[in-house]
Amino acid sequence: MEILRSVAAVRRSLYGWRLAGESIALVPTMGNLHAGHDSLMAIARRHADRVVASIFVNPTQFGPGEDYASYPRTPREDAARLRAAGVDAVFVPTVAAMYPDGRDGSTTVSVPGLSSVLCGAHRPGHFDGVASVVLRLFNITVPDVAVFGEKDYQQLVLLRRMARDLQLDIRLVGGPTLREPDGLALSSRNQYLDAGERQLAPRLHELLQDCRRRLLAGGQGFAAIERRAFRQLQAQGFVPDYVAIRAAHDLSIPAPGCRRLRVLAAARLGRTRLIDNIAVQLR
Ligand code: PAF
């Protein structure tokens, strides 16, 4: 596996593959890789001849007071994991390479609407940071396919919109969320949970499943289901940001007759912000 540290090195390696007619899949990550990332690499492998991962803890998607400085950085373990997953190359840029004029002086990409709802309403600027770094990664690697985890469902929908709006010739593929046996979605941030919080954390997924049961049973308004789940999270010790039932394709408030739904939630447990979501297909 090649470890590429500069934009020029990425361009050199990937140019050779492209010249040989090979297709390329990109899996952008912030490192501290776990089994969820392994599954994204495996999906990438099914979609292209070459798999490139990136590891970059992107400062522009962290707000003031968020965990940019303390975000777990485990480069050695990550490289071993990527090698074991059969990844062909990993791009590990510096902040200066990605933002030559500094994080505030560089061009920002903003996806209107989608970047200011749900998680965007609680993390102002977060999705501008995500779109800005992902577009840079796309421009550097020019992949045929890019793979993102569905745990960050809003991110996936927003990046699909960005790709469509900016006429990018890149297929975005979503990878299903991997879970612990008790239902907790795998996330690098789970390691922030103390023992008591870790025991409580799977309740978030249980509540989403309860929302799905209620939606499938019918007879209850969406707002009532959201309100009930929000209050239950509070009662169990979470500080919820939102529980929302949305149209799966664009995260809008579902129009009457909309059948492909997504239930999304974000809630804090102590200093950890957990997010999760599930699909609901109404009959
Ligand atoms: O999902 C993530 O890990 C990040 O938001 C991403 C897509 C790598 C951009 O920094």
# chains A, B, ... in the order shown; residues from 1 in each chain; ligands from 1
>>> closest_atom_pairs(of="chain A", to="ligand 1", cutoff="9 Å", atoms="only C-alpha atoms and all ligand atoms", output="tab-separated table")
residue	atom	partner	partner_atom_place_in_ligand_line	distance
A:Val27	CA	ligand 1	8 (C)	7.8
A:Pro28	CA	ligand 1	8 (C)	4.4
A:Thr29	CA	ligand 1	8 (C)	3.7
A:Met30	CA	ligand 1	3 (O)	4.7
A:Gly31	CA	ligand 1	3 (O)	7.5
A:Ser54	CA	ligand 1	8 (C)	7.5
A:Ile55	CA	ligand 1	8 (C)	7.3
A:Phe56	CA	ligand 1	10 (O)	6.6
A:Val57	CA	ligand 1	10 (O)	6.4
A:Asn58	CA	ligand 1	10 (O)	5.2
A:Pro59	CA	ligand 1	10 (O)	8.5
A:Thr60	CA	ligand 1	10 (O)	8.7
A:Gln61	CA	ligand 1	10 (O)	7.1
A:His126	CA	ligand 1	5 (O)	8.9
A:Phe127	CA	ligand 1	5 (O)	8.3
A:Gly129	CA	ligand 1	10 (O)	7.7
A:Val130	CA	ligand 1	9 (C)	4.9
A:Ala131	CA	ligand 1	9 (C)	7.6
A:Ser132	CA	ligand 1	9 (C)	8.7
A:Val133	CA	ligand 1	10 (O)	6.1
A:Val134	CA	ligand 1	9 (C)	5.8
A:Leu137	CA	ligand 1	9 (C)	9.0
A:Phe148	CA	ligand 1	7 (C)	6.7
A:Gly149	CA	ligand 1	1 (O)	7.0
A:Lys151	CA	ligand 1	1 (O)	8.6
A:Asp152	CA	ligand 1	1 (O)	6.5
A:Gln155	CA	ligand 1	5 (O)	7.2
A:Leu156	CA	ligand 1	7 (C)	8.5
A:Leu159	CA	ligand 1	7 (C)	8.9
>>> residues_around(residues="stretch 77-91 of chain A", least_positions_apart="5", cutoff="6 Å", atoms="only C-alpha atoms", output="PyMOL selection string")
chain A and resi 1-5+33+51-54
>>> write_last_selection(atoms="N, CA and C atoms", output="PDB file, in the first residue's frame")
ATOM      1  N   MET A   1       0.851  -1.202   0.000  1.00  0.00           N
ATOM      2  CA  MET A   1       0.000   0.000   0.000  1.00  0.00           C
ATOM      3  C   MET A   1       0.884   1.249   0.000  1.00  0.00           C
ATOM      4  N   GLU A   2       0.579   2.151  -0.925  1.00  0.00           N
ATOM      5  CA  GLU A   2       1.348   3.398  -0.981  1.00  0.00           C
ATOM      6  C   GLU A   2       0.800   4.390   0.044  1.00  0.00           C
ATOM      7  N   ILE A   3       1.693   5.064   0.746  1.00  0.00           N
ATOM      8  CA  ILE A   3       1.266   6.141   1.644  1.00  0.00           C
ATOM      9  C   ILE A   3       1.653   7.455   0.974  1.00  0.00           C
ATOM     10  N   LEU A   4       0.662   8.214   0.569  1.00  0.00           N
ATOM     11  CA  LEU A   4       0.895   9.419  -0.236  1.00  0.00           C
ATOM     12  C   LEU A   4       0.643  10.645   0.636  1.00  0.00           C
ATOM     13  N   ARG A   5       1.652  11.503   0.734  1.00  0.00           N
ATOM     14  CA  ARG A   5       1.522  12.626   1.663  1.00  0.00           C
ATOM     15  C   ARG A   5       1.316  13.956   0.964  1.00  0.00           C
ATOM     16  N   LEU A  33      -9.657   4.163  12.471  1.00  0.00           N
ATOM     17  CA  LEU A  33     -10.525   3.273  11.702  1.00  0.00           C
ATOM     18  C   LEU A  33     -11.031   2.104  12.535  1.00  0.00           C
ATOM     19  N   VAL A  51      -8.497   0.987  -4.907  1.00  0.00           N
ATOM     20  CA  VAL A  51      -9.142   1.646  -3.766  1.00  0.00           C
ATOM     21  C   VAL A  51      -8.141   2.595  -3.114  1.00  0.00           C
ATOM     22  N   VAL A  52      -8.569   3.834  -2.973  1.00  0.00           N
ATOM     23  CA  VAL A  52      -7.755   4.850  -2.296  1.00  0.00           C
ATOM     24  C   VAL A  52      -8.537   5.326  -1.081  1.00  0.00           C
ATOM     25  N   ALA A  53      -7.894   5.315   0.085  1.00  0.00           N
ATOM     26  CA  ALA A  53      -8.521   5.890   1.283  1.00  0.00           C
ATOM     27  C   ALA A  53      -7.836   7.222   1.551  1.00  0.00           C
ATOM     28  N   SER A  54      -8.540   8.119   2.227  1.00  0.00           N
ATOM     29  CA  SER A  54      -7.857   9.307   2.729  1.00  0.00           C
ATOM     30  C   SER A  54      -8.071   9.377   4.231  1.00  0.00           C
TER      31      SER A  54
END
>>> select_by_dssp(residues="stretch 68-275 of chain A", states="strand (DSSP E or B)", output="ChimeraX atom specification")
/A:89-91,145-149,171-175,179,185,239-247,260-269,272-275
>>> residues_around(residues="A:Leu135", least_positions_apart="4", cutoff="10 Å", atoms="only C-alpha atoms", output="compact mmCIF listing (two decimals) with N, CA and C atoms, in the first residue's frame")
# COMPACT_ATOMS: atom_id res chain seq x y z
N THR A 108 -14.83 28.14 0.30
CA THR A 108 -15.76 27.27 1.02
C THR A 108 -16.87 26.84 0.07
N VAL A 109 -17.29 25.60 0.19
CA VAL A 109 -18.42 25.10 -0.60
C VAL A 109 -19.61 24.95 0.35
N VAL A 130 -17.44 19.98 5.67
CA VAL A 130 -17.45 18.65 5.06
C VAL A 130 -17.43 18.78 3.53
N ALA A 131 -18.35 19.62 2.99
CA ALA A 131 -18.44 19.75 1.52
C ALA A 131 -17.12 20.31 0.97
N ASN A 139 -11.32 16.50 -6.20
CA ASN A 139 -10.52 17.14 -7.24
C ASN A 139 -9.09 16.61 -7.27
N ILE A 140 -8.60 16.20 -6.11
CA ILE A 140 -7.22 15.68 -6.06
C ILE A 140 -7.17 14.25 -6.62
N THR A 141 -8.19 13.44 -6.27
CA THR A 141 -8.10 12.01 -6.63
C THR A 141 -8.91 11.68 -7.89
N VAL A 142 -9.87 12.53 -8.25
CA VAL A 142 -10.75 12.31 -9.42
C VAL A 142 -11.23 10.85 -9.47
N LEU A 159 -23.76 15.43 0.20
CA LEU A 159 -22.67 15.27 -0.77
C LEU A 159 -23.21 14.83 -2.12
N MET A 162 -24.35 17.99 -3.65
CA MET A 162 -23.20 18.77 -4.13
C MET A 162 -22.71 18.19 -5.46
N ALA A 163 -22.58 16.87 -5.53
CA ALA A 163 -22.06 16.22 -6.74
C ALA A 163 -23.00 16.50 -7.92
N LEU A 166 -22.80 20.36 -8.88
CA LEU A 166 -21.53 20.77 -9.48
C LEU A 166 -21.14 19.87 -10.65
N LEU A 168 -20.43 16.76 -10.94
CA LEU A 168 -19.28 15.88 -10.76
C LEU A 168 -19.61 14.51 -11.33
>>> closest_residue(among="A:Ala97, A:Ala195, A:Ala9, A:Leu158", to="A:Ser115", atoms="only C-alpha atoms")
A:Leu158
>>> residues_around(residues="A:Val147", least_positions_apart="4", cutoff="9 Å", atoms="only C-alpha atoms", output="list of chain:residue names")
A:Ala25, A:Leu26, A:Val27, A:Pro28, A:Leu40, A:Met41, A:Ile43, A:Ala44, A:Arg171, A:Leu172, A:Val173, A:Gly174, A:Gly175
>>> write_last_selection(atoms="N, CA and C atoms", output="mmCIF file, in the first residue's frame")
data_model
loop_
_atom_site.group_PDB
_atom_site.id
_atom_site.type_symbol
_atom_site.label_atom_id
_atom_site.label_comp_id
_atom_site.auth_asym_id
_atom_site.auth_seq_id
_atom_site.Cartn_x
_atom_site.Cartn_y
_atom_site.Cartn_z
ATOM 1 N N ALA A 25 -11.828 3.963 -6.720
ATOM 2 C CA ALA A 25 -12.825 4.288 -5.687
ATOM 3 C C ALA A 25 -12.111 4.991 -4.537
ATOM 4 N N LEU A 26 -12.720 6.055 -4.048
ATOM 5 C CA LEU A 26 -12.164 6.810 -2.922
ATOM 6 C C LEU A 26 -13.027 6.585 -1.687
ATOM 7 N N VAL A 27 -12.366 6.356 -0.548
ATOM 8 C CA VAL A 27 -13.088 6.286 0.725
ATOM 9 C C VAL A 27 -12.489 7.342 1.663
ATOM 10 N N PRO A 28 -13.137 8.514 1.771
ATOM 11 C CA PRO A 28 -12.611 9.552 2.663
ATOM 12 C C PRO A 28 -12.897 9.198 4.123
ATOM 13 N N LEU A 40 -16.581 -0.226 4.456
ATOM 14 C CA LEU A 40 -16.598 0.755 3.347
ATOM 15 C C LEU A 40 -15.497 0.427 2.333
ATOM 16 N N MET A 41 -14.332 -0.021 2.838
ATOM 17 C CA MET A 41 -13.228 -0.393 1.925
ATOM 18 C C MET A 41 -13.657 -1.597 1.073
ATOM 19 N N ILE A 43 -16.703 -2.387 0.200
ATOM 20 C CA ILE A 43 -17.671 -1.912 -0.805
ATOM 21 C C ILE A 43 -16.914 -1.239 -1.951
ATOM 22 N N ALA A 44 -15.930 -0.411 -1.589
ATOM 23 C CA ALA A 44 -15.136 0.289 -2.607
ATOM 24 C C ALA A 44 -14.472 -0.728 -3.546
ATOM 25 N N ARG A 171 -19.758 8.602 -8.823
ATOM 26 C CA ARG A 171 -20.908 7.898 -8.236
ATOM 27 C C ARG A 171 -20.718 7.786 -6.728
ATOM 28 N N LEU A 172 -21.657 8.310 -5.958
ATOM 29 C CA LEU A 172 -21.548 8.226 -4.503
ATOM 30 C C LEU A 172 -22.330 7.013 -4.015
ATOM 31 N N VAL A 173 -21.650 6.149 -3.274
ATOM 32 C CA VAL A 173 -22.257 4.904 -2.793
ATOM 33 C C VAL A 173 -22.318 4.961 -1.273
ATOM 34 N N GLY A 174 -23.470 4.599 -0.700
ATOM 35 C CA GLY A 174 -23.626 4.581 0.754
ATOM 36 C C GLY A 174 -23.362 3.187 1.297
ATOM 37 N N GLY A 175 -22.657 3.107 2.421
ATOM 38 C CA GLY A 175 -22.394 1.811 3.071
ATOM 39 C C GLY A 175 -23.251 1.694 4.318
#
>>> atom_distance(atom1="atom CA of A:Arg11", atom2="atom CA of A:Thr94")
15.8 Å
>>> residues_around(residues="A:Gly257", least_positions_apart="5", cutoff="12 Å", atoms="only C-alpha atoms", output="PDB file with N, CA, C and O atoms, in the first residue's frame")
ATOM      1  N   ALA A 247     -38.121  12.655   4.525  1.00  0.00           N
ATOM      2  CA  ALA A 247     -38.075  11.948   3.241  1.00  0.00           C
ATOM      3  C   ALA A 247     -36.642  11.475   3.026  1.00  0.00           C
ATOM      4  O   ALA A 247     -35.696  12.260   3.172  1.00  0.00           O
ATOM      5  N   GLN A 281     -39.576   1.936   5.161  1.00  0.00           N
ATOM      6  CA  GLN A 281     -40.310   1.879   3.884  1.00  0.00           C
ATOM      7  C   GLN A 281     -41.776   1.607   4.205  1.00  0.00           C
ATOM      8  O   GLN A 281     -42.133   0.514   4.634  1.00  0.00           O
ATOM      9  N   LEU A 282     -42.621   2.631   4.022  1.00  0.00           N
ATOM     10  CA  LEU A 282     -44.046   2.442   4.309  1.00  0.00           C
ATOM     11  C   LEU A 282     -44.682   1.629   3.186  1.00  0.00           C
ATOM     12  O   LEU A 282     -44.275   1.721   2.033  1.00  0.00           O
ATOM     13  N   ARG A 283     -45.700   0.850   3.569  1.00  0.00           N
ATOM     14  CA  ARG A 283     -46.365   0.025   2.547  1.00  0.00           C
ATOM     15  C   ARG A 283     -47.375   0.849   1.779  1.00  0.00           C
ATOM     16  O   ARG A 283     -47.907   1.815   2.281  1.00  0.00           O
TER      17      ARG A 283
END
>>> select_by_dssp(residues="stretch 230-270 of chain A", states="alpha helix (DSSP H)", output="list in words")
Phe230, Arg231, Gln232, Leu233, Gln234 and Ala235 of chain A
>>> residues_around(residues="A:Glu197", least_positions_apart="4", cutoff="7 Å", atoms="only C-alpha atoms", output="list in words")
Leu193, Ala201 and Leu269 of chain A
>>> write_last_selection(atoms="N, CA and C atoms", output="PDB file, in the first residue's frame")
ATOM      1  N   LEU A 193     -17.351   7.560  25.596  1.00  0.00           N
ATOM      2  CA  LEU A 193     -18.403   7.204  26.560  1.00  0.00           C
ATOM      3  C   LEU A 193     -17.796   6.544  27.793  1.00  0.00           C
ATOM      4  N   ALA A 201     -26.145   3.989  25.807  1.00  0.00           N
ATOM      5  CA  ALA A 201     -26.059   4.458  24.413  1.00  0.00           C
ATOM      6  C   ALA A 201     -26.936   3.689  23.409  1.00  0.00           C
ATOM      7  N   LEU A 269     -24.713  12.358  25.228  1.00  0.00           N
ATOM      8  CA  LEU A 269     -24.614  11.597  26.477  1.00  0.00           C
ATOM      9  C   LEU A 269     -23.327  12.081  27.117  1.00  0.00           C
TER      10      LEU A 269
END
>>> closest_residue(among="A:Ile24, A:Ser110, A:Ile245, A:Tyr68", to="A:His47", atoms="only C-alpha atoms")
A:Ile24
>>> closest_residue(among="A:Gly218, A:Pro112, A:Gly237, A:Pro143", to="A:Gln199", atoms="only C-alpha atoms")
A:Gly237
>>> closest_residue(among="A:Arg18, A:Gly221, A:Leu216, A:Arg198", to="A:Pro256", atoms="only C-alpha atoms")
A:Gly221
>>> residues_around(residues="A:Asp165", least_positions_apart="4", cutoff="9 Å", atoms="only C-alpha atoms", output="PyMOL selection string")
chain A and resi 111+160-161
>>> atom_distance(atom1="atom CA of A:Glu150", atom2="atom CA of A:Asp276")
9.0 Å
>>> closest_residue(among="A:His37, A:Arg268, A:Arg45, A:His122", to="A:Gly63", atoms="only C-alpha atoms")
A:His122
>>> atom_distance(atom1="atom CA of A:Ala96", atom2="atom CA of A:His34")
26.7 Å
